[in-house]
Amino acid sequence: MADDYLVRIGKLIRDARQHRGWTQSQLAEALGTSQSAVNRIERGNQNISLEMIARIGEALDSEIVSLGYAGPMHLRVVGGRRLSGSIDVKTSKNACVALLCASLLNKGRTVLRRVARIEEVYRLLEVLNSIGVRTRWVNDGKDLEIVPPAELDMGSMDAEAARRTRSIIMFLGPLLHRMDHFKLPYAGGCDLGTRTIEPHMIALRRFGLDITATEGIYHAVVEPSAGPDRPIVLTERGDTVTENALLAAARHDGVSVIRNASSNYMVQDLCFFLEALGVRVDGIGTTTLTVHGVPNIDVDVDYSPSEDPVEAMSLLAAAVVTGSELTIRRVPIEFLEIELAVLEEMGLDHDRTGEYEADNGRTRLVDLTVRPSKLEAPIDKIHPMPFPGLNIDNVPFFAAIAAVAQGQTLIHDWVYDNRAIYLTDLNRLGGRLQLLDPHRVLVEGPTRWRAAEMMCPPALRPAVVVLLAMMAAEGTSVLRNVYVINRGYEDLAERLNSIGAQIEIFRDI
């Protein structure tokens, strides 16, 4: 029996390593061991301690065995079922993590309503708690209360939790107002190729932040008297770059102008939150933001982040791929209009209600009903653009949608180095996707999906796309190691089951 467990653990480790794109030698180097030892572990021929399993999981950013965590590891999907009924869109993951970072600006009590209870949020809470911030779930676990200490204990930071989230990079903006030097671990998150922090640094240097990177740590030194004497021009219109610049500008004693800013949904939510803190932000929804900073912020604030347009797109894609009629409620329509326009041209049958306000009083919502449709491949390629273009995170869902449409669809995911490659995992389920280069995939439809057992891709949106295809495939599929899905979605399997899916959560060990 013990030998059988070793073989199963070895297979999980091998699959996780291969999905990371690592050789046995690369994993051995990360663990400080030999390639032959890794080979024995993967073949189930070597005893392995729980400590070593945890180290391997950290190195591969993949849960091999859950230690002290009762959440799911794998999903067993009985496909070929139609969805029906209605489902609400939950609050934005990307807005929630930005607001958690922004809470460091405030000396008072912050309450965030209906916070997404996802792994990305849990990792940030672990980091915040480790440096002295008190957090607790209130109102039957629906809302989150955050109370900062007078002084942050940066020396006690939970480095392991910090390395498992790229959102930690957004600590730079608020922390530069609280101390003249500090350290942060390198940011982690999805495996989407090389992503430099230089655009962040170009913006934050103007506020006196200087960083050197050594041995997995960012060493930050701040010149408190510094501040931008002319507009800050961002070298990329990125969401987190814009958010970091906003966080730095919020407590700068003066007016900061940020140009080439992202106007995406999570940036707008952050701007609305800053206004609740007393910071005036002009130009919300445009590419030029003017921030009137407040050096000392000490208020009790209550804020409701808006709904997640990417989750709305996930649910929409689930209905399309399974040929279902489904009503998706509380859809932030401003951030899904381009996607719907493309789908209309492909032949999507849908309607929507009139608009109403989100709980933040600013974001426009609708209820959207999608019906089974005979789709045709779009004439033009599918490619993302900064808002108000097609959302970067929604591009992968078009791979599954294109797979059920008649004809060929070219998808050009130019932003990330690896993500298009992960979309070809759909071929394991009967898809016909041809990788033209690391950024372009040609999708041939329609597809006769078939069940399969496979490892979860190490990137959030492609992982969900694979799950949706499994829901459409007749038979029983298994998706292993779904931690990456839990980083961005709250109770996704249970919620899909509530509208007709059949997904079982299970663990090997």
# chains A, B, ... in the order shown; residues from 1 in each chain; ligands from 1
$ residues_around --residues "Asp210 in chain A" --least-positions-apart "6" --cutoff "10 Å" --atoms "only C-alpha atoms" --output "PyMOL selection string"
chain A and resi 176+181+201-202+204+218-223
$ closest_atom_pairs --of "range 368-394 of chain A" --to "range 444-450 of chain A" --cutoff "12 Å" --atoms "only C-alpha atoms" --output "tab-separated table"
residue	atom	partner	partner_atom	distance
A:Lys374	CA	A:Pro446	CA	10.0
A:Leu375	CA	A:Pro446	CA	9.0
A:Glu376	CA	A:Gly445	CA	8.9
A:Ala377	CA	A:Gly445	CA	8.0
A:Pro378	CA	A:Gly445	CA	11.6
$ closest_residue --among "A:Ile146, A:Ile211, A:Ala162, A:Ala203" --to "Thr242 in chain A" --atoms "only C-alpha atoms"
A:Ala203
$ closest_residue --among "A:Ile87, A:Ile284, A:Ala159, A:Ile258" --to "Gly216 in chain A" --atoms "only C-alpha atoms"
A:Ala159
$ closest_residue --among "A:Lys183, A:Ile333, A:Gly80, A:Pro199" --to "Thr214 in chain A" --atoms "only C-alpha atoms"
A:Lys183
$ select_by_dssp --residues "range 88-176 of chain A" --states "alpha helix (DSSP H)" --output "PyMOL selection string"
chain A and resi 93-102+119-130+159-163+172-175
$ write_last_selection --atoms "N, CA, C and O atoms" --output "compact mmCIF listing (two decimals), in the first residue's frame"
# COMPACT_ATOMS: atom_id res chain seq x y z
N LYS A 93 -12.26 39.44 -8.27
CA LYS A 93 -11.02 38.97 -7.65
C LYS A 93 -9.94 40.05 -7.73
O LYS A 93 -9.28 40.38 -6.75
N ASN A 94 -9.77 40.63 -8.91
CA ASN A 94 -8.67 41.59 -9.11
C ASN A 94 -8.92 42.88 -8.35
O ASN A 94 -7.98 43.52 -7.88
N ALA A 95 -10.19 43.28 -8.22
CA ALA A 95 -10.49 44.46 -7.41
C ALA A 95 -10.23 44.17 -5.94
O ALA A 95 -9.64 44.99 -5.22
N CYS A 96 -10.64 42.99 -5.47
CA CYS A 96 -10.49 42.66 -4.05
C CYS A 96 -9.02 42.65 -3.62
O CYS A 96 -8.67 43.18 -2.56
N VAL A 97 -8.14 42.07 -4.44
CA VAL A 97 -6.73 42.03 -4.04
C VAL A 97 -6.13 43.44 -4.06
O VAL A 97 -5.30 43.78 -3.21
N ALA A 98 -6.55 44.29 -5.01
CA ALA A 98 -6.06 45.67 -5.03
C ALA A 98 -6.52 46.43 -3.79
O ALA A 98 -5.76 47.20 -3.20
N LEU A 99 -7.77 46.19 -3.37
CA LEU A 99 -8.30 46.90 -2.20
C LEU A 99 -7.64 46.42 -0.92
O LEU A 99 -7.46 47.21 0.02
N LEU A 100 -7.28 45.13 -0.85
CA LEU A 100 -6.54 44.66 0.32
C LEU A 100 -5.20 45.37 0.44
O LEU A 100 -4.79 45.78 1.53
N CYS A 101 -4.53 45.53 -0.70
CA CYS A 101 -3.26 46.28 -0.68
C CYS A 101 -3.51 47.74 -0.32
O CYS A 101 -2.75 48.35 0.45
N ALA A 102 -4.58 48.31 -0.85
CA ALA A 102 -4.89 49.72 -0.59
C ALA A 102 -5.26 49.98 0.87
O ALA A 102 -5.12 51.10 1.37
N GLU A 119 -8.14 31.70 -3.00
CA GLU A 119 -6.79 31.48 -2.51
C GLU A 119 -5.92 32.73 -2.62
O GLU A 119 -5.08 32.99 -1.75
N GLU A 120 -6.09 33.51 -3.68
CA GLU A 120 -5.29 34.73 -3.83
C GLU A 120 -5.54 35.69 -2.67
O GLU A 120 -4.62 36.31 -2.13
N VAL A 121 -6.81 35.81 -2.26
CA VAL A 121 -7.16 36.65 -1.11
C VAL A 121 -6.58 36.06 0.17
O VAL A 121 -6.01 36.78 1.01
N TYR A 122 -6.70 34.73 0.35
CA TYR A 122 -6.17 34.10 1.55
C TYR A 122 -4.66 34.31 1.68
O TYR A 122 -4.15 34.56 2.79
N ARG A 123 -3.93 34.23 0.56
CA ARG A 123 -2.48 34.43 0.64
C ARG A 123 -2.16 35.87 1.09
O ARG A 123 -1.27 36.09 1.91
N LEU A 124 -2.89 36.85 0.53
CA LEU A 124 -2.65 38.24 0.94
C LEU A 124 -3.01 38.45 2.40
O LEU A 124 -2.32 39.19 3.12
N LEU A 125 -4.08 37.81 2.86
CA LEU A 125 -4.45 37.94 4.28
C LEU A 125 -3.37 37.34 5.17
O LEU A 125 -3.06 37.88 6.24
N GLU A 126 -2.78 36.21 4.75
CA GLU A 126 -1.69 35.63 5.52
C GLU A 126 -0.52 36.59 5.62
O GLU A 126 0.10 36.73 6.69
N VAL A 127 -0.21 37.27 4.52
CA VAL A 127 0.87 38.24 4.53
C VAL A 127 0.52 39.41 5.44
O VAL A 127 1.33 39.84 6.29
N LEU A 128 -0.69 39.96 5.30
CA LEU A 128 -1.11 41.09 6.13
C LEU A 128 -1.09 40.73 7.60
O LEU A 128 -0.59 41.50 8.45
N ASN A 129 -1.62 39.56 7.94
CA ASN A 129 -1.64 39.14 9.35
C ASN A 129 -0.23 38.99 9.90
O ASN A 129 0.05 39.35 11.06
N SER A 130 0.69 38.50 9.07
CA SER A 130 2.06 38.26 9.55
C SER A 130 2.80 39.55 9.86
O SER A 130 3.74 39.54 10.67
N ALA A 159 6.91 34.97 4.10
CA ALA A 159 7.51 35.02 2.77
C ALA A 159 6.94 33.96 1.84
O ALA A 159 6.77 34.20 0.64
N GLU A 160 6.59 32.79 2.38
CA GLU A 160 6.05 31.72 1.53
C GLU A 160 4.71 32.15 0.92
O GLU A 160 4.47 31.96 -0.27
N ALA A 161 3.83 32.74 1.75
CA ALA A 161 2.55 33.22 1.23
C ALA A 161 2.76 34.33 0.21
O ALA A 161 2.09 34.39 -0.82
N ALA A 162 3.72 35.22 0.49
CA ALA A 162 3.98 36.35 -0.41
C ALA A 162 4.45 35.87 -1.78
O ALA A 162 4.06 36.44 -2.81
N ARG A 163 5.26 34.83 -1.80
CA ARG A 163 5.80 34.34 -3.07
C ARG A 163 4.74 33.65 -3.92
O ARG A 163 4.95 33.44 -5.11
N LEU A 172 4.16 47.77 -2.78
CA LEU A 172 5.19 48.80 -2.94
C LEU A 172 4.61 50.21 -2.81
O LEU A 172 5.18 51.05 -2.11
N GLY A 173 3.49 50.46 -3.50
CA GLY A 173 2.90 51.80 -3.50
C GLY A 173 2.54 52.31 -2.12
O GLY A 173 2.95 53.41 -1.72
N PRO A 174 1.77 51.54 -1.32
CA PRO A 174 1.42 52.03 0.03
C PRO A 174 2.58 52.00 1.01
O PRO A 174 2.69 52.89 1.87
N LEU A 175 3.49 51.01 0.90
CA LEU A 175 4.56 50.90 1.90
C LEU A 175 5.56 52.03 1.80
O LEU A 175 6.19 52.41 2.81
$ residues_around --residues "Pro386 in chain A" --least-positions-apart "3" --cutoff "8 Å" --atoms "only C-alpha atoms" --output "list in words"
Arg237, Gly238, Ser262, Asn264, Gly389, Leu390, Asn391 and Ile392 of chain A
$ write_last_selection --atoms "N, CA, C and O atoms" --output "PDB file, in the first residue's frame"
ATOM      1  N   ARG A 237       0.325  50.139 -20.400  1.00  0.00           N
ATOM      2  CA  ARG A 237      -0.978  50.446 -19.816  1.00  0.00           C
ATOM      3  C   ARG A 237      -1.477  49.221 -19.061  1.00  0.00           C
ATOM      4  O   ARG A 237      -2.506  48.627 -19.376  1.00  0.00           O
ATOM      5  N   GLY A 238      -0.723  48.856 -18.044  1.00  0.00           N
ATOM      6  CA  GLY A 238      -1.049  47.667 -17.264  1.00  0.00           C
ATOM      7  C   GLY A 238      -1.935  48.000 -16.084  1.00  0.00           C
ATOM      8  O   GLY A 238      -1.886  49.112 -15.541  1.00  0.00           O
ATOM      9  N   SER A 262      -4.273  52.508 -17.167  1.00  0.00           N
ATOM     10  CA  SER A 262      -5.355  51.575 -17.453  1.00  0.00           C
ATOM     11  C   SER A 262      -6.655  52.148 -16.887  1.00  0.00           C
ATOM     12  O   SER A 262      -6.668  52.758 -15.809  1.00  0.00           O
ATOM     13  N   ASN A 264      -9.324  49.964 -16.678  1.00  0.00           N
ATOM     14  CA  ASN A 264     -10.026  48.698 -16.540  1.00  0.00           C
ATOM     15  C   ASN A 264     -10.814  48.646 -15.227  1.00  0.00           C
ATOM     16  O   ASN A 264     -10.672  49.505 -14.351  1.00  0.00           O
ATOM     17  N   GLY A 389     -11.097  47.768 -24.907  1.00  0.00           N
ATOM     18  CA  GLY A 389     -11.011  46.650 -25.838  1.00  0.00           C
ATOM     19  C   GLY A 389     -11.372  45.338 -25.182  1.00  0.00           C
ATOM     20  O   GLY A 389     -11.749  45.287 -23.998  1.00  0.00           O
ATOM     21  N   LEU A 390     -11.252  44.257 -25.932  1.00  0.00           N
ATOM     22  CA  LEU A 390     -11.548  42.928 -25.406  1.00  0.00           C
ATOM     23  C   LEU A 390     -10.560  42.604 -24.290  1.00  0.00           C
ATOM     24  O   LEU A 390      -9.354  42.718 -24.455  1.00  0.00           O
ATOM     25  N   ASN A 391     -11.090  42.192 -23.141  1.00  0.00           N
ATOM     26  CA  ASN A 391     -10.286  42.011 -21.937  1.00  0.00           C
ATOM     27  C   ASN A 391      -9.237  40.914 -22.126  1.00  0.00           C
ATOM     28  O   ASN A 391      -9.540  39.828 -22.631  1.00  0.00           O
ATOM     29  N   ILE A 392      -8.022  41.194 -21.707  1.00  0.00           N
ATOM     30  CA  ILE A 392      -6.912  40.245 -21.814  1.00  0.00           C
ATOM     31  C   ILE A 392      -7.272  38.907 -21.164  1.00  0.00           C
ATOM     32  O   ILE A 392      -6.977  37.834 -21.701  1.00  0.00           O
TER      33      ILE A 392
END
$ residues_around --residues "Val78 in chain A" --least-positions-apart "3" --cutoff "10 Å" --atoms "only C-alpha atoms" --output "list of chain:residue names"
A:Leu75, A:Arg81, A:Ala451, A:Met470, A:Met471, A:Ala472, A:Ala473, A:Glu474, A:Gly475, A:Thr476, A:Ser477, A:Val478, A:Ala501, A:Gln502, A:Ile503, A:Glu504
$ select_by_dssp --residues "range 171-303 of chain A" --states "strand (DSSP E or B)" --output "NGL selection string"
:A and (181-185 or 209-214 or 217-222 or 232-233 or 255-259 or 280-282 or 288-292 or 301-303)
$ atom_distance --atom1 "CA of Arg117 in chain A" --atom2 "CA of Ala318 in chain A"
21.3 Å
$ decode --residues "range 4-34 of chain A" --atoms "N, CA, C and O atoms" --output "tab-separated table (two decimals), in the first residue's frame"
chain	number	residue	atom	x	y	z
A	4	ASP	N	2.29	1.89	-3.37
A	4	ASP	CA	1.28	2.42	-4.28
A	4	ASP	C	1.15	3.93	-4.10
A	4	ASP	O	1.05	4.68	-5.08
A	5	TYR	N	1.14	4.40	-2.84
A	5	TYR	CA	1.05	5.84	-2.59
A	5	TYR	C	2.27	6.58	-3.14
A	5	TYR	O	2.15	7.66	-3.70
A	6	LEU	N	3.46	5.97	-3.01
A	6	LEU	CA	4.66	6.61	-3.53
A	6	LEU	C	4.58	6.76	-5.05
A	6	LEU	O	4.99	7.79	-5.60
A	7	VAL	N	4.06	5.75	-5.72
A	7	VAL	CA	3.91	5.82	-7.18
A	7	VAL	C	2.93	6.93	-7.56
A	7	VAL	O	3.17	7.71	-8.49
A	8	ARG	N	1.81	7.02	-6.82
A	8	ARG	CA	0.81	8.04	-7.13
A	8	ARG	C	1.34	9.45	-6.86
A	8	ARG	O	1.12	10.38	-7.64
A	9	ILE	N	2.08	9.60	-5.75
A	9	ILE	CA	2.68	10.90	-5.46
A	9	ILE	C	3.70	11.25	-6.54
A	9	ILE	O	3.76	12.38	-7.04
A	10	GLY	N	4.51	10.26	-6.93
A	10	GLY	CA	5.50	10.49	-7.98
A	10	GLY	C	4.87	10.94	-9.28
A	10	GLY	O	5.40	11.83	-9.97
A	11	LYS	N	3.74	10.35	-9.64
A	11	LYS	CA	3.05	10.73	-10.88
A	11	LYS	C	2.55	12.17	-10.80
A	11	LYS	O	2.65	12.94	-11.76
A	12	LEU	N	1.99	12.55	-9.63
A	12	LEU	CA	1.53	13.93	-9.46
A	12	LEU	C	2.69	14.92	-9.60
A	12	LEU	O	2.55	15.97	-10.23
A	13	ILE	N	3.84	14.57	-9.00
A	13	ILE	CA	5.01	15.45	-9.07
A	13	ILE	C	5.50	15.55	-10.51
A	13	ILE	O	5.80	16.64	-11.00
A	14	ARG	N	5.56	14.41	-11.21
A	14	ARG	CA	6.01	14.43	-12.60
A	14	ARG	C	5.10	15.29	-13.47
A	14	ARG	O	5.56	16.12	-14.26
A	15	ASP	N	3.77	15.12	-13.30
A	15	ASP	CA	2.82	15.91	-14.11
A	15	ASP	C	2.94	17.40	-13.81
A	15	ASP	O	2.91	18.23	-14.71
A	16	ALA	N	3.08	17.74	-12.52
A	16	ALA	CA	3.22	19.16	-12.15
A	16	ALA	C	4.50	19.75	-12.73
A	16	ALA	O	4.51	20.88	-13.21
A	17	ARG	N	5.58	18.96	-12.70
A	17	ARG	CA	6.85	19.45	-13.26
A	17	ARG	C	6.74	19.66	-14.76
A	17	ARG	O	7.19	20.69	-15.30
A	18	GLN	N	6.14	18.71	-15.45
A	18	GLN	CA	6.03	18.82	-16.90
A	18	GLN	C	5.14	20.01	-17.30
A	18	GLN	O	5.44	20.70	-18.28
A	19	HIS	N	4.08	20.25	-16.54
A	19	HIS	CA	3.23	21.40	-16.85
A	19	HIS	C	3.93	22.71	-16.57
A	19	HIS	O	3.62	23.73	-17.19
A	20	ARG	N	4.87	22.69	-15.63
A	20	ARG	CA	5.66	23.90	-15.38
A	20	ARG	C	6.70	24.10	-16.48
A	20	ARG	O	7.28	25.18	-16.61
A	21	GLY	N	6.93	23.04	-17.28
A	21	GLY	CA	7.91	23.13	-18.36
A	21	GLY	C	9.33	22.91	-17.88
A	21	GLY	O	10.29	23.28	-18.56
A	22	TRP	N	9.49	22.27	-16.70
A	22	TRP	CA	10.81	22.05	-16.13
A	22	TRP	C	11.31	20.64	-16.47
A	22	TRP	O	10.53	19.70	-16.61
A	23	THR	N	12.63	20.51	-16.55
A	23	THR	CA	13.26	19.20	-16.61
A	23	THR	C	13.46	18.69	-15.18
A	23	THR	O	13.33	19.43	-14.20
A	24	GLN	N	13.81	17.39	-15.08
A	24	GLN	CA	14.13	16.87	-13.74
A	24	GLN	C	15.32	17.60	-13.14
A	24	GLN	O	15.37	17.83	-11.93
A	25	SER	N	16.27	17.98	-13.98
A	25	SER	CA	17.46	18.69	-13.48
A	25	SER	C	17.09	20.05	-12.91
A	25	SER	O	17.64	20.47	-11.88
A	26	GLN	N	16.15	20.75	-13.57
A	26	GLN	CA	15.73	22.07	-13.06
A	26	GLN	C	15.04	21.93	-11.72
A	26	GLN	O	15.26	22.74	-10.81
A	27	LEU	N	14.17	20.93	-11.56
A	27	LEU	CA	13.52	20.71	-10.27
A	27	LEU	C	14.55	20.33	-9.22
A	27	LEU	O	14.49	20.81	-8.08
A	28	ALA	N	15.50	19.50	-9.59
A	28	ALA	CA	16.54	19.10	-8.65
A	28	ALA	C	17.33	20.31	-8.17
A	28	ALA	O	17.64	20.43	-6.97
A	29	GLU	N	17.65	21.23	-9.08
A	29	GLU	CA	18.39	22.43	-8.70
A	29	GLU	C	17.59	23.28	-7.72
A	29	GLU	O	18.12	23.80	-6.73
A	30	ALA	N	16.26	23.41	-7.97
A	30	ALA	CA	15.42	24.20	-7.08
A	30	ALA	C	15.33	23.58	-5.69
A	30	ALA	O	15.19	24.29	-4.69
A	31	LEU	N	15.45	22.26	-5.62
A	31	LEU	CA	15.33	21.56	-4.34
A	31	LEU	C	16.67	21.35	-3.66
A	31	LEU	O	16.72	20.91	-2.50
A	32	GLY	N	17.76	21.61	-4.38
A	32	GLY	CA	19.09	21.36	-3.82
A	32	GLY	C	19.40	19.89	-3.72
A	32	GLY	O	20.08	19.44	-2.78
A	33	THR	N	18.91	19.11	-4.69
A	33	THR	CA	19.17	17.68	-4.70
A	33	THR	C	19.66	17.28	-6.09
A	33	THR	O	19.97	18.13	-6.92
A	34	SER	N	19.72	15.98	-6.37
A	34	SER	CA	20.24	15.50	-7.65
A	34	SER	C	19.11	15.13	-8.60
A	34	SER	O	17.99	14.83	-8.18
